[in-house]
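The file coords_4.pdb contains PDB, C-alpha atoms:
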MODEL        1
ATOM      1  CA  MET E   1       8.705  19.573  10.935
ATOM      2  CA  LYS E   2       7.652  22.988   9.665
ATOM      3  CA  PHE E   3      10.220  22.728   6.852
ATOM      4  CA  VAL E   4       8.859  19.312   5.825
ATOM      5  CA  SER E   5       5.275  20.586   5.836
ATOM      6  CA  LEU E   6       6.272  23.637   3.800
ATOM      7  CA  PHE E   7       8.173  21.447   1.311
ATOM      8  CA  VAL E   8       5.199  19.098   0.863
ATOM      9  CA  TYR E   9       2.880  22.069   0.499
ATOM     10  CA  MET E  10       5.072  23.800  -2.098
ATOM     11  CA  SER E  11       5.268  20.559  -4.096
ATOM     12  CA  THR E  12       1.478  20.502  -4.179
ATOM     13  CA  VAL E  13       1.276  24.169  -5.182
ATOM     14  CA  LEU E  14       3.664  23.644  -8.096
ATOM     15  CA  CYS E  15       1.538  20.737  -9.339
ATOM     16  CA  VAL E  16      -1.618  22.849  -9.436
ATOM     17  CA  SER E  17      -0.226  26.202 -10.599
ATOM     18  CA  GLU E  18      -2.325  26.070 -13.731
ATOM     19  CA  MET E  19      -5.593  25.376 -11.877
ATOM     20  CA  GLU E  20      -8.290  27.853 -10.962
ATOM     21  CA  ALA E  21      -7.672  29.689  -7.693
ATOM     22  CA  ASP E  22     -11.395  29.887  -6.870
ATOM     23  CA  PRO E  23     -12.519  26.862  -4.776
ATOM     24  CA  SER E  24     -16.249  27.329  -5.445
ATOM     25  CA  GLY E  25     -17.690  24.127  -6.881
ATOM     26  CA  PHE E  26     -14.509  22.230  -6.047
ATOM     27  CA  ASN E  27     -15.187  18.519  -5.378
ATOM     28  CA  ILE E  28     -12.740  17.439  -2.691
ATOM     29  CA  ASP E  29     -13.557  13.738  -3.210
ATOM     30  CA  ALA E  30     -12.978  13.729  -6.959
ATOM     31  CA  PRO E  31      -9.603  12.216  -7.952
ATOM     32  CA  ARG E  32      -7.147  14.708  -9.441
ATOM     33  CA  TRP E  33      -6.152  12.161 -12.066
ATOM     34  CA  ASP E  34      -8.196   9.702 -14.108
ATOM     35  CA  GLN E  35      -8.386   6.508 -12.031
ATOM     36  CA  CYS E  36      -9.472   4.486 -15.058
ATOM     37  CA  THR E  37      -5.944   4.704 -16.479
ATOM     38  CA  PHE E  38      -2.746   3.204 -15.087
ATOM     39  CA  ARG E  39      -0.911   6.499 -15.518
ATOM     40  CA  GLY E  40      -3.572   8.381 -13.591
ATOM     41  CA  ARG E  41      -3.509   5.866 -10.737
ATOM     42  CA  VAL E  42       0.297   6.005 -10.507
ATOM     43  CA  LYS E  43       0.180   9.814 -10.266
ATOM     44  CA  HIS E  44      -2.469   9.516  -7.567
ATOM     45  CA  PHE E  45      -0.415   7.097  -5.498
ATOM     46  CA  PHE E  46       2.814   9.039  -6.006
ATOM     47  CA  ASN E  47       0.909  11.870  -4.355
ATOM     48  CA  ILE E  48      -0.571  10.041  -1.365
ATOM     49  CA  THR E  49       2.344   7.658  -0.695
ATOM     50  CA  ASP E  50       4.780  10.565  -0.504
ATOM     51  CA  PRO E  51       6.994   9.514   2.450
ATOM     52  CA  ARG E  52       7.432  13.149   3.507
ATOM     53  CA  THR E  53       3.828  13.193   4.728
ATOM     54  CA  VAL E  54       4.818  10.793   7.517
ATOM     55  CA  LEU E  55       6.675  13.707   9.152
ATOM     56  CA  VAL E  56       3.740  16.129   9.006
ATOM     57  CA  PRO E  57       2.605  17.072  12.564
ATOM     58  CA  GLU E  58      -0.631  15.638  13.964
ATOM     59  CA  ARG E  59      -2.232  19.068  14.262
ATOM     60  CA  GLU E  60      -1.697  19.642  10.542
ATOM     61  CA  LEU E  61      -3.325  16.299   9.729
ATOM     62  CA  ASP E  62      -6.295  17.311  11.895
ATOM     63  CA  TRP E  63      -6.447  20.604  10.010
ATOM     64  CA  ALA E  64      -6.463  18.676   6.713
ATOM     65  CA  LYS E  65      -9.370  16.516   7.879
ATOM     66  CA  ALA E  66     -11.314  19.573   8.993
ATOM     67  CA  MET E  67     -10.714  21.259   5.630
ATOM     68  CA  VAL E  68     -11.856  18.164   3.735
ATOM     69  CA  GLU E  69     -15.024  17.929   5.824
ATOM     70  CA  LYS E  70     -15.762  21.646   5.382
ATOM     71  CA  SER E  71     -15.187  21.364   1.630
ATOM     72  CA  ARG E  72     -17.667  18.480   1.470
ATOM     73  CA  MET E  73     -20.246  20.684   3.164
ATOM     74  CA  GLY E  74     -19.368  23.665   0.949
ATOM     75  CA  VAL E  75     -18.398  25.892   3.871
ATOM     76  CA  VAL E  76     -14.653  26.458   3.351
ATOM     77  CA  PRO E  77     -13.268  29.599   5.049
ATOM     78  CA  PRO E  78     -13.266  32.756   2.905
ATOM     79  CA  GLY E  79     -10.018  33.251   1.001
ATOM     80  CA  THR E  80      -9.261  29.521   0.787
ATOM     81  CA  GLN E  81      -7.387  28.650  -2.407
ATOM     82  CA  VAL E  82      -7.654  25.463  -4.488
ATOM     83  CA  GLU E  83      -4.022  24.591  -3.774
ATOM     84  CA  GLN E  84      -4.787  24.665  -0.051
ATOM     85  CA  LEU E  85      -7.659  22.254  -0.552
ATOM     86  CA  LEU E  86      -5.492  19.980  -2.682
ATOM     87  CA  TYR E  87      -2.798  20.019  -0.025
ATOM     88  CA  ALA E  88      -5.419  19.134   2.593
ATOM     89  CA  LYS E  89      -6.693  16.343   0.338
ATOM     90  CA  LYS E  90      -3.149  14.999  -0.104
ATOM     91  CA  LEU E  91      -2.623  14.806   3.651
ATOM     92  CA  TYR E  92      -6.102  13.404   4.252
ATOM     93  CA  ASP E  93      -5.747  10.660   1.627
ATOM     94  CA  SER E  94      -2.318   9.716   2.966
ATOM     95  CA  ALA E  95      -3.281   9.495   6.642
ATOM     96  CA  PHE E  96      -7.006   8.702   6.928
ATOM     97  CA  HIS E  97      -8.828   5.491   6.033
ATOM     98  CA  PRO E  98     -11.016   5.867   2.902
ATOM     99  CA  ASP E  99     -13.899   3.881   4.454
ATOM    100  CA  THR E 100     -14.017   5.104   8.058
ATOM    101  CA  GLY E 101     -12.296   8.491   7.860
ATOM    102  CA  GLU E 102     -10.283   7.530  10.941
ATOM    103  CA  LYS E 103      -6.619   8.459  11.255
ATOM    104  CA  MET E 104      -4.449   5.416  10.478
ATOM    105  CA  ASN E 105      -1.455   4.458  12.578
ATOM    106  CA  VAL E 106       1.757   5.867  11.115
ATOM    107  CA  ILE E 107       3.522   2.540  10.493
ATOM    108  CA  GLY E 108       0.511   1.081   8.682
ATOM    109  CA  ARG E 109       0.115   3.938   6.200
ATOM    110  CA  MET E 110       1.183   3.368   2.608
ATOM    111  CA  SER E 111       3.263   6.552   2.899
ATOM    112  CA  PHE E 112       5.414   4.673   5.429
ATOM    113  CA  GLN E 113       6.106   1.848   2.961
ATOM    114  CA  VAL E 114       9.293   3.484   1.674
ATOM    115  CA  PRO E 115      11.032   4.273   4.999
ATOM    116  CA  GLY E 116       9.760   1.116   6.708
ATOM    117  CA  GLY E 117      10.131  -1.210   3.739
ATOM    118  CA  MET E 118      13.617  -0.039   2.768
ATOM    119  CA  ILE E 119      15.043  -0.778   6.217
ATOM    120  CA  ILE E 120      13.468  -4.233   6.466
ATOM    121  CA  THR E 121      14.170  -5.207   2.847
ATOM    122  CA  GLY E 122      17.751  -3.992   3.028
ATOM    123  CA  PHE E 123      18.509  -6.029   6.133
ATOM    124  CA  MET E 124      16.658  -9.108   4.839
ATOM    125  CA  LEU E 125      18.848  -9.045   1.727
ATOM    126  CA  GLN E 126      22.019  -8.403   3.703
ATOM    127  CA  PHE E 127      21.582 -10.967   6.478
ATOM    128  CA  TYR E 128      20.417 -14.001   4.522
ATOM    129  CA  ARG E 129      23.237 -16.405   5.351
ATOM    130  CA  THR E 130      22.748 -17.275   9.034
ATOM    131  CA  MET E 131      19.591 -19.004  10.270
ATOM    132  CA  PRO E 132      18.954 -16.742  13.318
ATOM    133  CA  ALA E 133      19.176 -13.631  11.127
ATOM    134  CA  VAL E 134      16.835 -15.142   8.516
ATOM    135  CA  ILE E 135      14.246 -16.021  11.157
ATOM    136  CA  PHE E 136      14.499 -12.641  12.889
ATOM    137  CA  TRP E 137      14.135 -10.481   9.765
ATOM    138  CA  GLN E 138      11.334 -12.598   8.307
ATOM    139  CA  TRP E 139       9.508 -12.197  11.624
ATOM    140  CA  VAL E 140      10.063  -8.419  11.561
ATOM    141  CA  ASN E 141       8.848  -8.224   7.953
ATOM    142  CA  GLN E 142       5.677 -10.201   8.615
ATOM    143  CA  SER E 143       4.936  -8.146  11.714
ATOM    144  CA  PHE E 144       5.222  -5.032   9.559
ATOM    145  CA  ASN E 145       3.092  -6.566   6.784
ATOM    146  CA  ALA E 146       0.390  -7.681   9.212
ATOM    147  CA  LEU E 147       0.053  -4.139  10.539
ATOM    148  CA  VAL E 148      -0.043  -2.670   7.018
ATOM    149  CA  ASN E 149      -2.631  -5.237   5.876
ATOM    150  CA  TYR E 150      -4.850  -4.580   8.875
ATOM    151  CA  THR E 151      -4.540  -0.803   8.555
ATOM    152  CA  ASN E 152      -5.461  -0.817   4.832
ATOM    153  CA  ARG E 153      -8.181  -3.478   4.955
ATOM    154  CA  ASN E 154     -11.725  -2.859   3.759
ATOM    155  CA  ALA E 155     -13.079  -1.550   7.071
ATOM    156  CA  ALA E 156     -16.644  -2.554   6.238
ATOM    157  CA  SER E 157     -15.681  -6.143   7.155
ATOM    158  CA  PRO E 158     -14.458  -6.188  10.787
ATOM    159  CA  THR E 159     -11.687  -8.600  11.758
ATOM    160  CA  SER E 160     -11.574 -10.160  15.226
ATOM    161  CA  VAL E 161      -8.470 -10.286  17.411
ATOM    162  CA  ARG E 162      -8.468 -14.091  17.048
ATOM    163  CA  GLN E 163      -8.451 -13.852  13.243
ATOM    164  CA  MET E 164      -5.664 -11.252  13.279
ATOM    165  CA  THR E 165      -3.562 -13.380  15.613
ATOM    166  CA  LEU E 166      -4.110 -16.515  13.527
ATOM    167  CA  SER E 167      -3.226 -14.752  10.267
ATOM    168  CA  TYR E 168      -0.119 -13.209  11.808
ATOM    169  CA  ILE E 169       1.129 -16.541  13.167
ATOM    170  CA  THR E 170       0.331 -18.370   9.920
ATOM    171  CA  ALA E 171       2.032 -15.792   7.683
ATOM    172  CA  THR E 172       5.092 -15.574   9.915
ATOM    173  CA  THR E 173       5.383 -19.361  10.045
ATOM    174  CA  THR E 174       5.023 -19.576   6.254
ATOM    175  CA  ALA E 175       7.703 -16.932   5.648
ATOM    176  CA  VAL E 176      10.164 -18.439   8.106
ATOM    177  CA  ALA E 177       9.552 -22.012   6.905
ATOM    178  CA  THR E 178       9.994 -20.962   3.261
ATOM    179  CA  ALA E 179      13.188 -19.025   3.993
ATOM    180  CA  VAL E 180      14.723 -21.726   6.196
ATOM    181  CA  GLY E 181      13.719 -24.536   3.821
ATOM    182  CA  MET E 182      15.034 -22.781   0.728
ATOM    183  CA  ASN E 183      18.247 -21.783   2.502
ATOM    184  CA  MET E 184      18.907 -25.446   3.230
ATOM    185  CA  LEU E 185      18.088 -26.439  -0.357
ATOM    186  CA  THR E 186      20.316 -23.763  -1.887
ATOM    187  CA  LYS E 187      23.440 -24.309   0.240
ATOM    188  CA  ARG E 188      25.270 -25.786  -2.731
ATOM    189  CA  ALA E 189      23.686 -23.478  -5.292
ATOM    190  CA  PRO E 190      25.444 -20.367  -6.653
ATOM    191  CA  PRO E 191      25.561 -17.499  -4.093
ATOM    192  CA  LEU E 192      23.116 -15.414  -6.141
ATOM    193  CA  VAL E 193      20.401 -18.064  -5.756
ATOM    194  CA  GLY E 194      20.728 -17.815  -1.983
ATOM    195  CA  ARG E 195      20.270 -14.048  -2.186
ATOM    196  CA  TRP E 196      16.869 -14.592  -3.840
ATOM    197  CA  VAL E 197      15.532 -16.704  -0.967
ATOM    198  CA  PRO E 198      14.154 -13.660   0.957
ATOM    199  CA  PHE E 199      11.974 -12.714  -2.022
ATOM    200  CA  ALA E 200      10.575 -16.240  -2.288
ATOM    201  CA  ALA E 201       9.713 -16.119   1.420
ATOM    202  CA  VAL E 202       8.102 -12.689   1.119
ATOM    203  CA  ALA E 203       6.017 -13.735  -1.918
ATOM    204  CA  ALA E 204       4.855 -16.937  -0.216
ATOM    205  CA  ALA E 205       3.944 -15.091   2.976
ATOM    206  CA  ASN E 206       1.963 -12.435   1.066
ATOM    207  CA  CYS E 207      -0.138 -15.200  -0.469
ATOM    208  CA  VAL E 208      -1.033 -16.268   3.076
ATOM    209  CA  ASN E 209      -0.939 -13.087   5.154
ATOM    210  CA  ILE E 210      -3.352 -10.958   3.137
ATOM    211  CA  PRO E 211      -6.129 -13.546   2.613
ATOM    212  CA  MET E 212      -5.842 -14.633   6.261
ATOM    213  CA  MET E 213      -5.951 -11.071   7.575
ATOM    214  CA  ARG E 214      -9.015 -10.367   5.428
ATOM    215  CA  GLN E 215     -10.663 -13.765   5.721
ATOM    216  CA  GLN E 216     -13.854 -12.211   7.096
ATOM    217  CA  GLU E 217     -14.425 -10.659   3.681
ATOM    218  CA  LEU E 218     -14.112 -14.094   2.060
ATOM    219  CA  ILE E 219     -16.513 -15.622   4.577
ATOM    220  CA  GLN E 220     -19.199 -12.927   4.790
ATOM    221  CA  GLY E 221     -18.544 -11.035   1.575
ATOM    222  CA  ILE E 222     -17.438  -7.485   0.867
ATOM    223  CA  CYS E 223     -19.847  -4.551   0.666
ATOM    224  CA  VAL E 224     -20.734  -3.730  -2.946
ATOM    225  CA  LYS E 225     -22.431  -0.527  -4.068
ATOM    226  CA  ASP E 226     -24.027   0.962  -7.166
ATOM    227  CA  ARG E 227     -22.597   3.903  -9.096
ATOM    228  CA  ASN E 228     -24.304   6.330  -6.674
ATOM    229  CA  HIS E 229     -22.638   4.724  -3.628
ATOM    230  CA  ASN E 230     -25.804   3.000  -2.445
ATOM    231  CA  GLU E 231     -25.098  -0.298  -0.689
ATOM    232  CA  ILE E 232     -26.767  -3.199  -2.515
ATOM    233  CA  GLY E 233     -25.322  -6.290  -0.839
ATOM    234  CA  HIS E 234     -22.227  -8.299   0.121
ATOM    235  CA  SER E 235     -20.257 -10.510  -2.255
ATOM    236  CA  ARG E 236     -17.646 -13.182  -1.521
ATOM    237  CA  ARG E 237     -16.606 -13.231  -5.178
ATOM    238  CA  ALA E 238     -15.921  -9.505  -5.126
ATOM    239  CA  ALA E 239     -13.826 -10.030  -1.992
ATOM    240  CA  ALA E 240     -11.798 -12.738  -3.722
ATOM    241  CA  VAL E 241     -11.145 -10.419  -6.698
ATOM    242  CA  GLY E 242     -10.053  -7.540  -4.459
ATOM    243  CA  ILE E 243      -7.783  -9.653  -2.260
ATOM    244  CA  THR E 244      -6.160 -11.322  -5.283
ATOM    245  CA  GLN E 245      -5.360  -7.926  -6.765
ATOM    246  CA  VAL E 246      -3.843  -6.756  -3.464
ATOM    247  CA  VAL E 247      -1.644  -9.890  -3.276
ATOM    248  CA  ILE E 248      -0.396  -9.295  -6.839
ATOM    249  CA  SER E 249       0.302  -5.626  -6.050
ATOM    250  CA  ARG E 250       2.277  -6.425  -2.889
ATOM    251  CA  ILE E 251       4.446  -9.026  -4.644
ATOM    252  CA  THR E 252       5.020  -6.619  -7.547
ATOM    253  CA  MET E 253       6.002  -3.924  -5.053
ATOM    254  CA  ALA E 254       8.766  -6.107  -3.620
ATOM    255  CA  ALA E 255       9.898  -7.907  -6.781
ATOM    256  CA  PRO E 256      12.215  -5.414  -8.572
ATOM    257  CA  GLY E 257      14.219  -4.533  -5.484
ATOM    258  CA  MET E 258      14.469  -8.049  -4.107
ATOM    259  CA  ILE E 259      15.323  -9.592  -7.494
ATOM    260  CA  LEU E 260      17.593  -6.958  -9.048
ATOM    261  CA  LEU E 261      19.324  -5.689  -5.912
ATOM    262  CA  PRO E 262      20.957  -9.080  -5.161
ATOM    263  CA  VAL E 263      22.405  -9.050  -8.699
ATOM    264  CA  ILE E 264      23.771  -5.534  -8.160
ATOM    265  CA  MET E 265      25.253  -6.361  -4.742
ATOM    266  CA  GLU E 266      26.730  -9.626  -6.031
ATOM    267  CA  ARG E 267      28.763  -7.618  -8.540
ATOM    268  CA  LEU E 268      29.581  -4.704  -6.252
ATOM    269  CA  GLU E 269      30.911  -6.932  -3.478
ATOM    270  CA  LYS E 270      33.543  -8.322  -5.863
ATOM    271  CA  LEU E 271      35.074  -4.876  -6.313
ATOM    272  CA  HIS E 272      38.295  -4.242  -4.411
ATOM    273  CA  PHE E 273      37.156  -1.105  -2.561
ATOM    274  CA  MET E 274      33.858  -2.753  -1.524
ATOM    275  CA  LYS E 275      35.770  -5.567   0.180
ATOM    276  CA  LYS E 276      37.423  -2.952   2.393
ATOM    277  CA  VAL E 277      34.155  -1.362   3.531
ATOM    278  CA  LYS E 278      32.017  -4.386   4.438
ATOM    279  CA  VAL E 279      30.444  -2.418   7.264
ATOM    280  CA  LEU E 280      28.767  -0.209   4.632
ATOM    281  CA  HIS E 281      27.172  -3.089   2.717
ATOM    282  CA  ALA E 282      24.014  -3.144   4.848
ATOM    283  CA  PRO E 283      23.431   0.658   4.747
ATOM    284  CA  LEU E 284      24.013   0.572   0.979
ATOM    285  CA  GLN E 285      21.385  -2.150   0.536
ATOM    286  CA  VAL E 286      18.950  -0.152   2.657
ATOM    287  CA  LEU E 287      19.551   2.949   0.524
ATOM    288  CA  LEU E 288      19.186   1.057  -2.770
ATOM    289  CA  SER E 289      16.032  -0.656  -1.480
ATOM    290  CA  GLY E 290      14.572   2.788  -0.836
ATOM    291  CA  CYS E 291      15.408   3.853  -4.400
ATOM    292  CA  PHE E 292      13.424   0.906  -5.745
ATOM    293  CA  LEU E 293      10.502   1.327  -3.337
ATOM    294  CA  ILE E 294      10.001   5.043  -3.889
ATOM    295  CA  PHE E 295       8.927   4.169  -7.445
ATOM    296  CA  MET E 296       7.494   0.699  -6.923
ATOM    297  CA  VAL E 297       5.081   1.602  -4.105
ATOM    298  CA  PRO E 298       2.944   3.926  -6.300
ATOM    299  CA  VAL E 299       3.401   1.730  -9.382
ATOM    300  CA  ALA E 300       2.267  -1.421  -7.552
ATOM    301  CA  CYS E 301      -0.625   0.368  -5.836
ATOM    302  CA  GLY E 302      -1.700   1.697  -9.235
ATOM    303  CA  LEU E 303      -1.825  -1.671 -10.985
ATOM    304  CA  PHE E 304      -5.540  -1.968 -10.217
ATOM    305  CA  PRO E 305      -8.158   0.685  -9.388
ATOM    306  CA  GLN E 306      -8.781   1.035  -5.651
ATOM    307  CA  LYS E 307     -12.481   1.381  -6.418
ATOM    308  CA  CYS E 308     -13.085  -1.852  -8.305
ATOM    309  CA  GLU E 309     -15.803  -2.314 -10.899
ATOM    310  CA  LEU E 310     -17.326  -5.763 -11.265
ATOM    311  CA  SER E 311     -20.057  -7.007 -13.586
ATOM    312  CA  VAL E 312     -23.225  -8.112 -11.819
ATOM    313  CA  SER E 313     -23.116 -11.303 -13.914
ATOM    314  CA  TYR E 314     -19.925 -12.333 -12.045
ATOM    315  CA  LEU E 315     -21.547 -12.123  -8.606
ATOM    316  CA  GLU E 316     -23.127 -14.990  -6.679
ATOM    317  CA  PRO E 317     -26.422 -16.145  -8.288
ATOM    318  CA  GLU E 318     -28.486 -15.217  -5.232
ATOM    319  CA  LEU E 319     -27.036 -11.690  -5.161
ATOM    320  CA  GLN E 320     -27.638 -11.345  -8.906
ATOM    321  CA  ASP E 321     -31.279 -12.275  -8.373
ATOM    322  CA  THR E 322     -31.628  -9.744  -5.545
ATOM    323  CA  ILE E 323     -30.146  -6.932  -7.629
ATOM    324  CA  LYS E 324     -32.233  -7.749 -10.708
ATOM    325  CA  ALA E 325     -35.415  -8.026  -8.646
ATOM    326  CA  LYS E 326     -34.822  -4.605  -7.085
ATOM    327  CA  TYR E 327     -33.136  -2.663  -9.919
ATOM    328  CA  GLY E 328     -33.818  -4.673 -13.065
ATOM    329  CA  GLU E 329     -31.119  -3.926 -15.677
ATOM    330  CA  LEU E 330     -30.356  -0.472 -14.234
ATOM    331  CA  VAL E 331     -27.342  -1.754 -12.292
ATOM    332  CA  PRO E 332     -25.002  -3.606 -14.697
ATOM    333  CA  TYR E 333     -21.944  -3.130 -12.460
ATOM    334  CA  VAL E 334     -21.191  -2.986  -8.752
ATOM    335  CA  TYR E 335     -18.325  -1.147  -7.055
ATOM    336  CA  PHE E 336     -16.238  -1.820  -3.943
ATOM    337  CA  ASN E 337     -13.057  -0.710  -2.228
ATOM    338  CA  LYS E 338     -10.468  -3.464  -2.657
ATOM    339  CA  GLY E 339      -8.185  -2.009   0.019
ATOM    340  CA  LEU E 340      -4.437  -1.694  -0.314
TER     341      LEU E 340
ENDMDL
END
Encoded form using structure tokens:
Amino acid sequence: MKFVSLFVYMSTVLCVSEMEADPSGFNIDAPRWDQCTFRGRVKHFFNITDPRTVLVPERELDWAKAMVEKSRMGVVPPGTQVEQLLYAKKLYDSAFHPDTGEKMNVIGRMSFQVPGGMIITGFMLQFYRTMPAVIFWQWVNQSFNALVNYTNRNAASPTSVRQMTLSYITATTTAVATAVGMNMLTKRAPPLVGRWVPFAAVAAANCVNIPMMRQQELIQGICVKDRNHNEIGHSRRAAAVGITQVVISRITMAAPGMILLPVIMERLEKLHFMKKVKVLHAPLQVLLSGCFLIFMVPVACGLFPQKCELSVSYLEPELQDTIKAKYGELVPYVYFNKGL
């Protein structure tokens, strides 16, 4: 564990070697990279979805939170360097919810997407032929997705146990029904078509799981703020925009691996030496899935800004009237956390 923490820390130090060493005036909440650009967002998510942070001890995460809180108050311990604050920020952003500041469960963190996703994706792609295996791995995947969706929701809109249970059952049923139905339809199709069934099931389930898990935001609206972080109302339209972007990101995250990997395995399995080592096919798919995900997790998360900007003119008429009555034309845009 100490080696992992040291390795993560040294990676952070190397990235900031050209920065000032003096932490005075350092804004711990300011993004290191421009979040208005795709490149900046990808760099940001490469940093906070680093799977190595999953192995960092709890006490070090608690230290990171304490350092972030002290930095916000401007009372960092004497001798603290900027790279230490950036390392603390990296751990804090990877493990604590941006709305509540509470520590997220390990499996639900985006930094766990690579180790968790590669195992599930690899086995979904390997065991796609038999019905029991299809049902089991789709159930495992949707259980994982439900936990990730709940963990990374916009925490300003609470979700009841009943809503979580309903969304979980609905998404799991959708994924299993899609996989089973398409497996039956593609029995006579070329083998490669059958290998793409898991992706179709995953995409369909994402279109159900995420909106269902966050349905409270669609019913009551999501909290929107002005540029100075002052709450100015709740908007259902903003919620719909945020949830749609999350659905697109999740499907994009899975697409390259689940579309290209079947093509790769279809060709590899025809090779003579691969026919002799069938027991290694599943581990190989898991490993290759990880290679795709380690890049696609930050890329997909960076497709859209986490802090969304939305024109006031797009909001519900009644909310537009409220904002204009209170602020006039001083608030042309509202901002909200779309979640991940």
Exactly which residues make up the result of the PyMOL selection byres ((chain E and resi 222) around 6) on this file, given as a PyMOL selection string?
chain E and resi 217+221+223+234-235+239
If you count only C-alpha atoms, which residues fall within 12 Å of Gln215 of chain E, apart from same-chain ones fewer than 3 positions away, as number ranges by chain?
E: 149-150, 153-154, 157-160, 162-164, 166-167, 208-212, 218-222, 236, 239-240, 242-243
Excluding same-chain residues fewer than 4 positions from Pro98 of chain E, what lies within 12 Å of it counting all atoms listed in the file, as a list of chain:residue names?
E:Asp29, E:Lys65, E:Lys89, E:Tyr92, E:Asp93, E:Ser94, E:Glu102, E:Lys103, E:Met104, E:Arg109, E:Thr151, E:Asn152, E:Arg153, E:Asn154, E:Ala155, E:Ala156, E:Gln306, E:Lys307, E:Phe336, E:Asn337, E:Lys338, E:Gly339, E:Leu340
Which one is closest to Arg72 of chain E: E:Asn105, E:Thr37, E:Gln84, E:Asn27? Count all atoms listed in the file.
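Nearest to Arg72 of chain E: E:Asn27.
In this model, the gap between atom CA of Met265 of chain E and atom CA of Val286 of chain E comes to 11.5 Å.
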What is the distance between atom CA of Asp50 of chain E and atom CA of His229 of chain E, in Å to one decimal?
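Spanning atom CA of Asp50 of chain E to atom CA of His229 of chain E is a straight-line distance of 28.2 Å.
When only C-alpha atoms are used to measure the gap to Trp196 of chain E, the shortest distance among E:Ala171, E:Leu260, E:Met274, E:Val56 belongs to E:Leu260.
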Distance of atom CA of Leu55 of chain E from atom CA of Lys43 of chain E, expressed in Å to one decimal place
20.8 Å
Report the residues retrieved by the PyMOL selection byres ((chain E and resi 36) around 10) from the displayed file, expressed as a ChimeraX atom specification.
/E:33-35,37-41,304-305,307-308
Taking the file as shown, find all residues satisfying the PyMOL selection byres ((chain E and resi 181-189) around 10) and write them as a list in words.
Tyr128, Arg129, Thr130, Met131, Val134, Ala175, Val176, Ala177, Thr178, Ala179, Val180, Pro190, Pro191, Leu192, Val193, Gly194, Arg195, Trp196, Val197, Pro198, Ala200 and Ala201 of chain E
Any chance you could export the current selection's C-alpha atoms as a CSV table (one decimal), in the frame of the given file?
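Resulting contents of selection-v6.csv:
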chain,number,residue,atom,x,y,z
E,128,TYR,CA,20.4,-14.0,4.5
E,129,ARG,CA,23.2,-16.4,5.4
E,130,THR,CA,22.7,-17.3,9.0
E,131,MET,CA,19.6,-19.0,10.3
E,134,VAL,CA,16.8,-15.1,8.5
E,175,ALA,CA,7.7,-16.9,5.6
E,176,VAL,CA,10.2,-18.4,8.1
E,177,ALA,CA,9.6,-22.0,6.9
E,178,THR,CA,10.0,-21.0,3.3
E,179,ALA,CA,13.2,-19.0,4.0
E,180,VAL,CA,14.7,-21.7,6.2
E,190,PRO,CA,25.4,-20.4,-6.7
E,191,PRO,CA,25.6,-17.5,-4.1
E,192,LEU,CA,23.1,-15.4,-6.1
E,193,VAL,CA,20.4,-18.1,-5.8
E,194,GLY,CA,20.7,-17.8,-2.0
E,195,ARG,CA,20.3,-14.0,-2.2
E,196,TRP,CA,16.9,-14.6,-3.8
E,197,VAL,CA,15.5,-16.7,-1.0
E,198,PRO,CA,14.2,-13.7,1.0
E,200,ALA,CA,10.6,-16.2,-2.3
E,201,ALA,CA,9.7,-16.1,1.4
